[in-house]
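Right, one structure below, let's go through it.
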Amino acid sequence: MKKIPMLKKDIVDTPIFGSNEEQRVAPKTEMTKEGTAEDIAYQIVHDEAMLDGNARLNLATFVTTWMDDSARRIMAETMDKNMIDKTEYPQTAEIERRCVNIIAKLWNSPEAVNGQYCMGTSTVGSSEACMLGGIAALFRWKKRRKAAGKPTDKPNFVISSCFQVVWEKFAIYWDVEMRTVPVTAEHITLDPEQAVKLCDENTICVVPIEGVTITGLNDDVKALDAALDKLNAKTGWEICIHVDAATGGFILPFIYPEVEWDFRLKWVLSISTSGHKFGLVYPGVGWVIWKDKSYLPKEMNFAVNYLGAEVPSISINFSRPGNQVLAQYYQLIRLGWNGYHDVQASSLNVCLYLRDELKKMGIFEFFTDEMPNPLFIWKLKDDPKRKWTLYDLSDRLHIQGWQVPAYTMPADMEDVIIMRIVARQGVGIDLADLLMKDIKACVAELDALENPTNSAEKWNKKQPQSQRCFNHVR
């Protein structure tokens with residue numbers, strides 16, 4: 001075979017803003033024939049990224065936007081490790097197992113109490129973790145049905161109407177019917193009795209949410225567990241619980257350790273969480289843990305002949321960087337229990353400050369007095385003279401650099417526009433105070449408008465004279 005000639009010419013160093021590359025638009029649909037000097041390519045990408053919003057001012061996202069310098073260094077130094085290649089990177093695999101054990105202990109796993117290695121895995125965010133929890137419940141249900149000689153073609157699961165989109169994806173991808181319990185002003189979280197009424201012999205699991213994305217509230221897992229226990233005892237079914245604790249999984253153990261929501265409950269067989277939310281790691285890493293090894297179907301634990309060894313693989317994704325797992329371990333040993341408690345408590349205190357300041361303005365109503373997680377929602381009080389909506393306030397704040405979302409509530413409350421704030425590590429009282437100053441300034445500008453905004457005109461045409469309010473919600 002002949003040697004293949006090299007086409008790329010050596011690039012001579014040149015001033016960045018005196019270069020040819022900086023004299024033309026960056027490639028958008030195809031590669032250029034010649035390459036670009038390292039510093040020039042960096043500057044082009046860096047400058048375009050400047051047009052994104054400031055992540056620290058993004059109060060819409062749950063995702064971690066600040067880590068200390070040592071954590072950043074660990075992530076930078078280890079981004080080349082492939083998480084799936086456990087033969088080449090056995091210590092990274094060991095550290096993943098340590099993280100599983102530590103988190104399982106936080107969630108009162110019986111395996112952790114017995115000093116065993118717990119059954120779980122890291123994932124690409126909590127969405128993959130939810131998928132794995134749902135798939136395991138589906139496979140266990142199918143196995144029981146087949147053993148009893150019953151059909152397996154109509155599985156379903158039950159969740160509140162405030163579900164995160166991953167559960168809709170799970171329903172579509174795996175052909176499982178999703179039955180939703182409405183969240184209303186009367187029932188502001190998943191109602192256990194209504195959830196049980198939607199269950200039948202084809203129900204694979206019920207999914208309570210700890211840290212509902214829309215409201216920030218926690219479903220009552222203990223009450224749900226008791227209701228399901230009665231139903232299962234009566235019918236002989238084995239309807240289990242998968243807890244979607246994307247947010248609450250790293251809040252509850254530190255702030256409310258006495259609350260029973262985890263593996264202390266009989267029918268909680270799996271829990272998922274997001275390490276890149278209040279696990280305090282940059283995206284994207286999640287975790288799913290089962291109560292016992294017996295609850296992970298054998299079909300989901302693949303032995304892959306990879307690079308000379310049999311590699312166990314539970315996760316859906318294959319190759320992915322190991323640096324997120326190493327960063328999670330860093331945070332767990334760097335902060336410890338007390339450190340996590342203080343960081344989460346600080347975030348909750350920032351939320352309390354913001355809610356109190358918004359309340360003083362006198363124009364907002366709040367969904368509930370409860371705030372178990374560092375986020376809350378509010379709406380405008382009804383005022384026929386007002387010429388703007390929360391969409392307009394959100395837009396004005398965006399001009400100032402803040403990302404504070406406005407959106408409508410889910411089905412059965414879709415006639416209510418709300419705003420939401422999430423406070424994460426890196427959002428302190430001083431930053432919150434600056435936000436409040438901008439909110440007050442934006443409200444003053446909007447109140448001074450002589451004519452209704454387009455948003456207000458469109459919304460008023462759609463809606464009845466009075467929107468539903470939160471006044472009676474406590």
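A note on labels: chains of the structure tokens are A, B, ... as shown, every chain counts residues from 1, and ligands are counted from 1 in their shown order.
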
Test item, alpha helix (DSSP H) assignment across range 53-278 of chain A, answer as a count of residues only: 87

Within 9 Å of range 194-206 of chain A using only C-alpha atoms, minus same-chain residues under 4 positions, as a PyMOL selection string: chain A and resi 134+137-142+145+152-160+179-182+190+224+227-228+231+235+237-243

Nearest to Lys143 in chain A by atom-to-atom distance, counting only C-alpha atoms, from A:Lys461, A:Lys440, A:Lys385, A:Lys298: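 Closest residue, counting only C-alpha atoms: A:Lys298.
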
Shell of 8 Å around Leu132 in chain A, only C-alpha atoms, local chain residues under 3 positions omitted, as a PyMOL selection string: chain A and resi 128-129+135-136+288+315-316

Those selected residues, please, written with C-alpha atoms and delivered as a PDB file, in the first residue's frame.
```pdb
ATOM      1  CA  GLU A 128     -31.595   7.917  31.428  1.00  0.00           C
ATOM      2  CA  ALA A 129     -31.916   6.973  35.105  1.00  0.00           C
ATOM      3  CA  ILE A 135     -37.719  -0.444  32.071  1.00  0.00           C
ATOM      4  CA  ALA A 136     -36.878  -2.557  35.135  1.00  0.00           C
ATOM      5  CA  VAL A 288     -30.373   5.110  39.500  1.00  0.00           C
ATOM      6  CA  SER A 315     -26.871   1.897  31.328  1.00  0.00           C
ATOM      7  CA  ILE A 316     -28.522   2.548  27.965  1.00  0.00           C
TER       8      ILE A 316
END
```

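Proximity ranking of A:Gly284, A:Pro452, A:Gly125, A:Pro372 relative to Asp392 in chain A places A:Pro452 first, based on only C-alpha atoms.
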
Within 9 Å of range 90-101 of chain A using only C-alpha atoms, minus same-chain residues under 5 positions, as a tab-separated table (two decimals) with all heavy atoms, in the first residue's frame:
```tsv
chain	number	residue	atom	x	y	z
A	81	LYS	N	-11.31	9.87	29.78
A	81	LYS	CA	-11.62	8.52	30.26
A	81	LYS	C	-13.00	8.09	29.76
A	81	LYS	O	-13.97	8.82	29.93
A	81	LYS	CB	-11.58	8.47	31.79
A	81	LYS	CG	-10.20	8.71	32.38
A	81	LYS	CD	-10.26	8.66	33.90
A	81	LYS	CE	-8.91	9.00	34.52
A	81	LYS	NZ	-7.93	7.91	34.31
A	83	MET	N	-16.11	5.97	30.26
A	83	MET	CA	-16.74	5.33	31.41
A	83	MET	C	-17.03	3.85	31.17
A	83	MET	O	-17.00	3.04	32.10
A	83	MET	CB	-18.06	6.06	31.72
A	83	MET	CG	-18.69	5.71	33.06
A	83	MET	SD	-17.72	6.29	34.45
A	83	MET	CE	-17.51	4.78	35.36
A	84	ILE	N	-17.28	3.47	29.93
A	84	ILE	CA	-17.65	2.08	29.65
A	84	ILE	C	-16.44	1.15	29.68
A	84	ILE	O	-16.57	-0.06	29.89
A	84	ILE	CB	-18.36	1.97	28.28
A	84	ILE	CG1	-19.08	0.62	28.15
A	84	ILE	CG2	-17.39	2.19	27.14
A	84	ILE	CD1	-20.17	0.39	29.15
A	85	ASP	N	-15.23	1.70	29.48
A	85	ASP	CA	-14.03	0.87	29.38
A	85	ASP	C	-13.47	0.62	30.79
A	85	ASP	O	-12.49	1.23	31.22
A	85	ASP	CB	-13.00	1.56	28.49
A	85	ASP	CG	-11.82	0.65	28.18
A	85	ASP	OD1	-11.80	-0.48	28.70
A	85	ASP	OD2	-10.93	1.08	27.43
A	106	LEU	N	-27.44	7.13	51.62
A	106	LEU	CA	-28.26	8.33	51.87
A	106	LEU	C	-29.74	8.02	51.75
A	106	LEU	O	-30.57	8.62	52.43
A	106	LEU	CB	-27.88	9.44	50.89
A	106	LEU	CG	-26.53	10.13	51.07
A	106	LEU	CD1	-26.28	11.09	49.90
A	106	LEU	CD2	-26.48	10.88	52.39
A	109	SER	N	-30.75	2.40	51.77
A	109	SER	CA	-30.78	1.10	51.10
A	109	SER	C	-30.50	-0.02	52.09
A	109	SER	O	-29.56	0.08	52.88
A	109	SER	CB	-29.73	1.06	49.99
A	109	SER	OG	-29.45	-0.26	49.59
A	111	GLU	N	-29.27	-2.83	51.35
A	111	GLU	CA	-27.98	-3.38	50.95
A	111	GLU	C	-26.84	-2.58	51.58
A	111	GLU	O	-25.84	-3.14	52.02
A	111	GLU	CB	-27.84	-3.39	49.43
A	111	GLU	CG	-28.71	-4.43	48.74
A	111	GLU	CD	-28.37	-4.55	47.26
A	111	GLU	OE1	-28.27	-3.51	46.59
A	111	GLU	OE2	-28.22	-5.68	46.79
A	112	ALA	N	-27.01	-1.26	51.63
A	112	ALA	CA	-25.97	-0.41	52.22
A	112	ALA	C	-25.87	-0.67	53.72
A	112	ALA	O	-24.78	-0.69	54.30
A	112	ALA	CB	-26.30	1.06	51.97
A	116	GLN	N	-23.14	-4.35	51.93
A	116	GLN	CA	-22.93	-4.95	50.62
A	116	GLN	C	-22.71	-3.86	49.57
A	116	GLN	O	-23.02	-2.69	49.78
A	116	GLN	CB	-24.15	-5.79	50.22
A	116	GLN	CG	-24.52	-6.88	51.21
A	116	GLN	CD	-25.81	-7.58	50.78
A	116	GLN	OE1	-25.99	-7.88	49.62
A	116	GLN	NE2	-26.67	-7.83	51.73
A	117	TYR	N	-22.20	-4.26	48.40
A	117	TYR	CA	-22.17	-3.35	47.27
A	117	TYR	C	-23.59	-3.23	46.73
A	117	TYR	O	-24.27	-4.22	46.50
A	117	TYR	CB	-21.23	-3.86	46.17
A	117	TYR	CG	-19.78	-3.62	46.48
A	117	TYR	CD1	-18.90	-4.66	46.73
A	117	TYR	CD2	-19.29	-2.31	46.54
A	117	TYR	CE1	-17.56	-4.42	47.01
A	117	TYR	CE2	-17.96	-2.07	46.83
A	117	TYR	CZ	-17.10	-3.12	47.06
A	117	TYR	OH	-15.78	-2.87	47.35
A	118	CYS	N	-24.03	-2.02	46.56
A	118	CYS	CA	-25.42	-1.78	46.18
A	118	CYS	C	-25.59	-1.85	44.67
A	118	CYS	O	-24.64	-1.65	43.91
A	118	CYS	CB	-25.88	-0.43	46.71
A	118	CYS	SG	-25.72	-0.30	48.50
A	119	MET	N	-26.83	-2.11	44.24
A	119	MET	CA	-27.13	-2.23	42.82
A	119	MET	C	-27.56	-0.88	42.26
A	119	MET	O	-28.58	-0.33	42.66
A	119	MET	CB	-28.23	-3.26	42.59
A	119	MET	CG	-28.60	-3.44	41.12
A	119	MET	SD	-27.16	-3.78	40.06
A	119	MET	CE	-26.72	-5.43	40.61
A	120	GLY	N	-26.78	-0.36	41.36
A	120	GLY	CA	-27.09	0.92	40.74
A	120	GLY	C	-26.05	1.27	39.71
A	120	GLY	O	-25.07	0.55	39.51
A	121	THR	N	-26.24	2.40	39.06
A	121	THR	CA	-25.29	2.82	38.03
A	121	THR	C	-25.36	4.32	37.83
A	121	THR	O	-26.37	4.96	38.13
A	121	THR	CB	-25.58	2.11	36.69
A	121	THR	OG1	-24.58	2.47	35.74
A	121	THR	CG2	-26.95	2.49	36.14
A	122	SER	N	-24.29	4.88	37.32
A	122	SER	CA	-24.33	6.26	36.84
A	122	SER	C	-24.98	6.27	35.47
A	122	SER	O	-25.00	5.26	34.76
A	122	SER	CB	-22.91	6.84	36.76
A	122	SER	OG	-22.15	6.14	35.78
A	287	TRP	N	-28.07	9.18	38.44
A	287	TRP	CA	-27.88	7.93	39.19
A	287	TRP	C	-29.22	7.23	39.34
A	287	TRP	O	-30.25	7.87	39.55
A	287	TRP	CB	-27.30	8.22	40.59
A	287	TRP	CG	-25.99	8.93	40.54
A	287	TRP	CD1	-25.78	10.28	40.57
A	287	TRP	CD2	-24.70	8.33	40.41
A	287	TRP	NE1	-24.45	10.57	40.47
A	287	TRP	CE2	-23.75	9.38	40.39
A	287	TRP	CE3	-24.25	7.01	40.34
A	287	TRP	CZ2	-22.39	9.15	40.27
A	287	TRP	CZ3	-22.88	6.78	40.23
A	287	TRP	CH2	-21.97	7.84	40.19
A	288	VAL	N	-29.19	5.92	39.20
A	288	VAL	CA	-30.37	5.11	39.50
A	288	VAL	C	-29.92	3.96	40.39
A	288	VAL	O	-28.87	3.34	40.14
A	288	VAL	CB	-31.08	4.59	38.23
A	288	VAL	CG1	-30.15	3.75	37.37
A	288	VAL	CG2	-32.34	3.82	38.59
A	289	ILE	N	-30.69	3.69	41.44
A	289	ILE	CA	-30.34	2.65	42.40
A	289	ILE	C	-31.58	1.81	42.69
A	289	ILE	O	-32.69	2.36	42.81
A	289	ILE	CB	-29.78	3.27	43.70
A	289	ILE	CG1	-28.44	3.98	43.37
A	289	ILE	CG2	-29.57	2.22	44.79
A	289	ILE	CD1	-27.88	4.80	44.49
A	322	GLY	N	-15.87	9.71	31.78
A	322	GLY	CA	-15.88	9.32	33.19
A	322	GLY	C	-15.66	10.49	34.13
A	322	GLY	O	-15.80	10.35	35.34
A	323	ASN	N	-15.34	11.69	33.57
A	323	ASN	CA	-15.00	12.81	34.45
A	323	ASN	C	-16.18	13.28	35.30
A	323	ASN	O	-15.99	13.81	36.40
A	323	ASN	CB	-14.44	13.98	33.63
A	323	ASN	CG	-15.42	14.55	32.62
A	323	ASN	OD1	-16.42	13.94	32.29
A	323	ASN	ND2	-15.10	15.72	32.12
A	325	VAL	N	-18.45	11.34	36.75
A	325	VAL	CA	-18.50	10.45	37.90
A	325	VAL	C	-17.41	10.80	38.89
A	325	VAL	O	-17.62	10.85	40.11
A	325	VAL	CB	-18.38	8.98	37.45
A	325	VAL	CG1	-18.15	8.06	38.64
A	325	VAL	CG2	-19.63	8.56	36.68
A	326	LEU	N	-16.21	11.10	38.38
A	326	LEU	CA	-15.10	11.48	39.25
A	326	LEU	C	-15.41	12.80	39.95
A	326	LEU	O	-15.06	12.99	41.13
A	326	LEU	CB	-13.82	11.57	38.45
A	326	LEU	CG	-13.33	10.25	37.83
A	326	LEU	CD1	-12.15	10.48	36.92
A	326	LEU	CD2	-12.99	9.24	38.92
A	328	GLN	N	-18.41	13.84	40.70
A	328	GLN	CA	-19.41	13.55	41.73
A	328	GLN	C	-18.74	13.02	42.99
A	328	GLN	O	-19.08	13.43	44.11
A	328	GLN	CB	-20.41	12.51	41.21
A	328	GLN	CG	-21.52	12.15	42.19
A	328	GLN	CD	-22.56	13.25	42.30
A	328	GLN	OE1	-23.45	13.37	41.48
A	328	GLN	NE2	-22.44	14.08	43.34
A	329	TYR	N	-17.77	12.13	42.81
A	329	TYR	CA	-17.06	11.59	43.97
A	329	TYR	C	-16.28	12.69	44.69
A	329	TYR	O	-16.25	12.74	45.93
A	329	TYR	CB	-16.12	10.48	43.52
A	329	TYR	CG	-15.46	9.73	44.65
A	329	TYR	CD1	-16.22	9.10	45.64
A	329	TYR	CD2	-14.08	9.62	44.73
A	329	TYR	CE1	-15.62	8.41	46.68
A	329	TYR	CE2	-13.46	8.93	45.76
A	329	TYR	CZ	-14.24	8.32	46.73
A	329	TYR	OH	-13.65	7.63	47.76
A	332	LEU	N	-18.69	14.57	46.83
A	332	LEU	CA	-19.12	13.79	48.00
A	332	LEU	C	-18.06	13.78	49.09
A	332	LEU	O	-18.38	13.92	50.28
A	332	LEU	CB	-19.45	12.36	47.57
A	332	LEU	CG	-20.69	12.18	46.68
A	332	LEU	CD1	-20.77	10.75	46.17
A	332	LEU	CD2	-21.97	12.56	47.41
```

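CA of Thr389 in chain A sits 18.5 Å away from CA of Ile214 in chain A.
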
Sel. of strand (DSSP E) residues, range 117-254 of chain A, as a PyMOL selection string: chain A and resi 120-123+156-160+177-181+203-207+240-244

Since we have the selection now, will you write its residues out, keeping C-alpha atoms, as a PDB file, in the first residue's frame?
```pdb
ATOM      1  CA  GLY A 120     -27.095   0.922  40.742  1.00  0.00           C
ATOM      2  CA  THR A 121     -25.294   2.819  38.032  1.00  0.00           C
ATOM      3  CA  SER A 122     -24.325   6.259  36.843  1.00  0.00           C
ATOM      4  CA  THR A 123     -26.215   7.557  33.818  1.00  0.00           C
ATOM      5  CA  ASN A 156     -49.389   1.264  32.037  1.00  0.00           C
ATOM      6  CA  PHE A 157     -47.887   3.467  34.724  1.00  0.00           C
ATOM      7  CA  VAL A 158     -49.324   6.258  36.869  1.00  0.00           C
ATOM      8  CA  ILE A 159     -47.808   9.710  37.433  1.00  0.00           C
ATOM      9  CA  SER A 160     -48.991  13.254  38.173  1.00  0.00           C
ATOM     10  CA  GLU A 177     -49.727   3.831  28.591  1.00  0.00           C
ATOM     11  CA  MET A 178     -49.144   6.877  30.798  1.00  0.00           C
ATOM     12  CA  ARG A 179     -52.040   7.581  33.178  1.00  0.00           C
ATOM     13  CA  THR A 180     -51.902  11.008  34.782  1.00  0.00           C
ATOM     14  CA  VAL A 181     -53.379  12.241  38.044  1.00  0.00           C
ATOM     15  CA  THR A 203     -49.902  -1.171  36.099  1.00  0.00           C
ATOM     16  CA  ILE A 204     -46.133  -1.640  36.198  1.00  0.00           C
ATOM     17  CA  CYS A 205     -45.451   1.133  38.733  1.00  0.00           C
ATOM     18  CA  VAL A 206     -46.524   4.485  40.158  1.00  0.00           C
ATOM     19  CA  VAL A 207     -44.034   7.356  39.847  1.00  0.00           C
ATOM     20  CA  CYS A 240     -44.229  -0.912  42.914  1.00  0.00           C
ATOM     21  CA  ILE A 241     -42.962   2.651  43.206  1.00  0.00           C
ATOM     22  CA  HIS A 242     -40.173   4.252  41.228  1.00  0.00           C
ATOM     23  CA  VAL A 243     -39.300   7.603  42.820  1.00  0.00           C
ATOM     24  CA  ASP A 244     -38.253  10.297  40.365  1.00  0.00           C
TER      25      ASP A 244
END
```

Selection: 6 Å around range 246-251 of chain A, only C-alpha atoms, excl. self and same-chain fewer than 6 positions, as a PyMOL selection string: chain A and resi 126+210-211+273-274+278-279

Store the residues picked out above, limited to N, CA and C atoms, as a compact mmCIF listing (two decimals), in the first residue's frame.
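And here's selection-v9.txt as it stands now:
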```
# COMPACT_ATOMS: atom_id res chain seq x y z
N SER A 126 -30.55 12.39 34.79
CA SER A 126 -31.61 11.62 35.44
C SER A 126 -32.63 11.09 34.43
N GLU A 210 -40.18 13.72 43.64
CA GLU A 210 -39.64 14.50 44.75
C GLU A 210 -38.89 15.70 44.16
N GLY A 211 -39.57 16.82 44.17
CA GLY A 211 -39.04 18.02 43.52
C GLY A 211 -39.66 18.19 42.16
N THR A 273 -31.99 9.98 40.42
CA THR A 273 -31.70 11.38 40.75
C THR A 273 -30.75 11.96 39.72
N SER A 274 -30.58 13.26 39.81
CA SER A 274 -29.71 13.97 38.88
C SER A 274 -28.50 14.49 39.65
N PHE A 278 -28.87 19.14 42.09
CA PHE A 278 -28.44 19.44 43.45
C PHE A 278 -27.42 18.43 43.97
N GLY A 279 -26.97 17.53 43.06
CA GLY A 279 -25.78 16.74 43.33
C GLY A 279 -24.52 17.57 43.15
```

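Put simply, CA of Thr453 in chain A is 12.2 Å away from CA of Arg396 in chain A.
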
Contacts of Glu365 in chain A within 6 Å, only C-alpha atoms, excl. fewer than 4 positions in-chain, as an MDAnalysis selection string: chainID A and resid 378:379 381

Only all heavy atoms, please: the residues just picked out, written as an mmCIF file, in the first residue's frame.
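File produced: part38.cif:
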```cif
data_model
loop_
_atom_site.group_PDB
_atom_site.id
_atom_site.type_symbol
_atom_site.label_atom_id
_atom_site.label_comp_id
_atom_site.auth_asym_id
_atom_site.auth_seq_id
_atom_site.Cartn_x
_atom_site.Cartn_y
_atom_site.Cartn_z
ATOM 1 N N TRP A 378 -44.985 31.642 41.151
ATOM 2 C CA TRP A 378 -45.958 32.656 41.519
ATOM 3 C C TRP A 378 -46.704 33.137 40.285
ATOM 4 O O TRP A 378 -46.283 32.891 39.158
ATOM 5 C CB TRP A 378 -45.270 33.827 42.228
ATOM 6 C CG TRP A 378 -44.424 34.699 41.342
ATOM 7 C CD1 TRP A 378 -44.801 35.826 40.664
ATOM 8 C CD2 TRP A 378 -43.029 34.512 41.039
ATOM 9 N NE1 TRP A 378 -43.748 36.344 39.969
ATOM 10 C CE2 TRP A 378 -42.641 35.577 40.183
ATOM 11 C CE3 TRP A 378 -42.066 33.570 41.412
ATOM 12 C CZ2 TRP A 378 -41.353 35.708 39.692
ATOM 13 C CZ3 TRP A 378 -40.776 33.705 40.919
ATOM 14 C CH2 TRP A 378 -40.430 34.752 40.081
ATOM 15 N N LYS A 379 -47.828 33.817 40.514
ATOM 16 C CA LYS A 379 -48.617 34.416 39.441
ATOM 17 C C LYS A 379 -48.974 35.843 39.813
ATOM 18 O O LYS A 379 -48.804 36.260 40.965
ATOM 19 C CB LYS A 379 -49.895 33.610 39.185
ATOM 20 C CG LYS A 379 -50.926 33.720 40.291
ATOM 21 C CD LYS A 379 -52.232 33.017 39.935
ATOM 22 C CE LYS A 379 -53.052 33.753 38.933
ATOM 23 N NZ LYS A 379 -53.655 35.005 39.466
ATOM 24 N N LYS A 381 -51.559 38.726 40.690
ATOM 25 C CA LYS A 381 -52.924 38.879 41.187
ATOM 26 C C LYS A 381 -53.786 39.478 40.074
ATOM 27 O O LYS A 381 -53.310 40.262 39.255
ATOM 28 C CB LYS A 381 -52.941 39.808 42.409
ATOM 29 C CG LYS A 381 -52.304 39.223 43.656
ATOM 30 C CD LYS A 381 -52.391 40.199 44.822
ATOM 31 C CE LYS A 381 -51.795 39.598 46.085
ATOM 32 N NZ LYS A 381 -51.842 40.555 47.223
#
```

Best match for closeness to Glu450 in chain A among A:Arg386, A:Lys146, A:His187, A:Arg320, counting only C-alpha atoms: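 When distances to Glu450 in chain A are compared using only C-alpha atoms, the smallest one comes from A:Arg386.
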
A:Ile418, A:Gly149, A:Tyr353, A:Glu34 ranked by distance to Leu380 in chain A, top pick (using only C-alpha atoms):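 With only C-alpha atoms as the atom set, the closest residue is A:Ile418.
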
Counting only C-alpha atoms, the option among A:Pro253, A:Asn460, A:Phe318, A:Met79 closest to Ile102 in chain A: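 Among the listed residues, the smallest separation from Ile102 in chain A belongs to A:Pro253.
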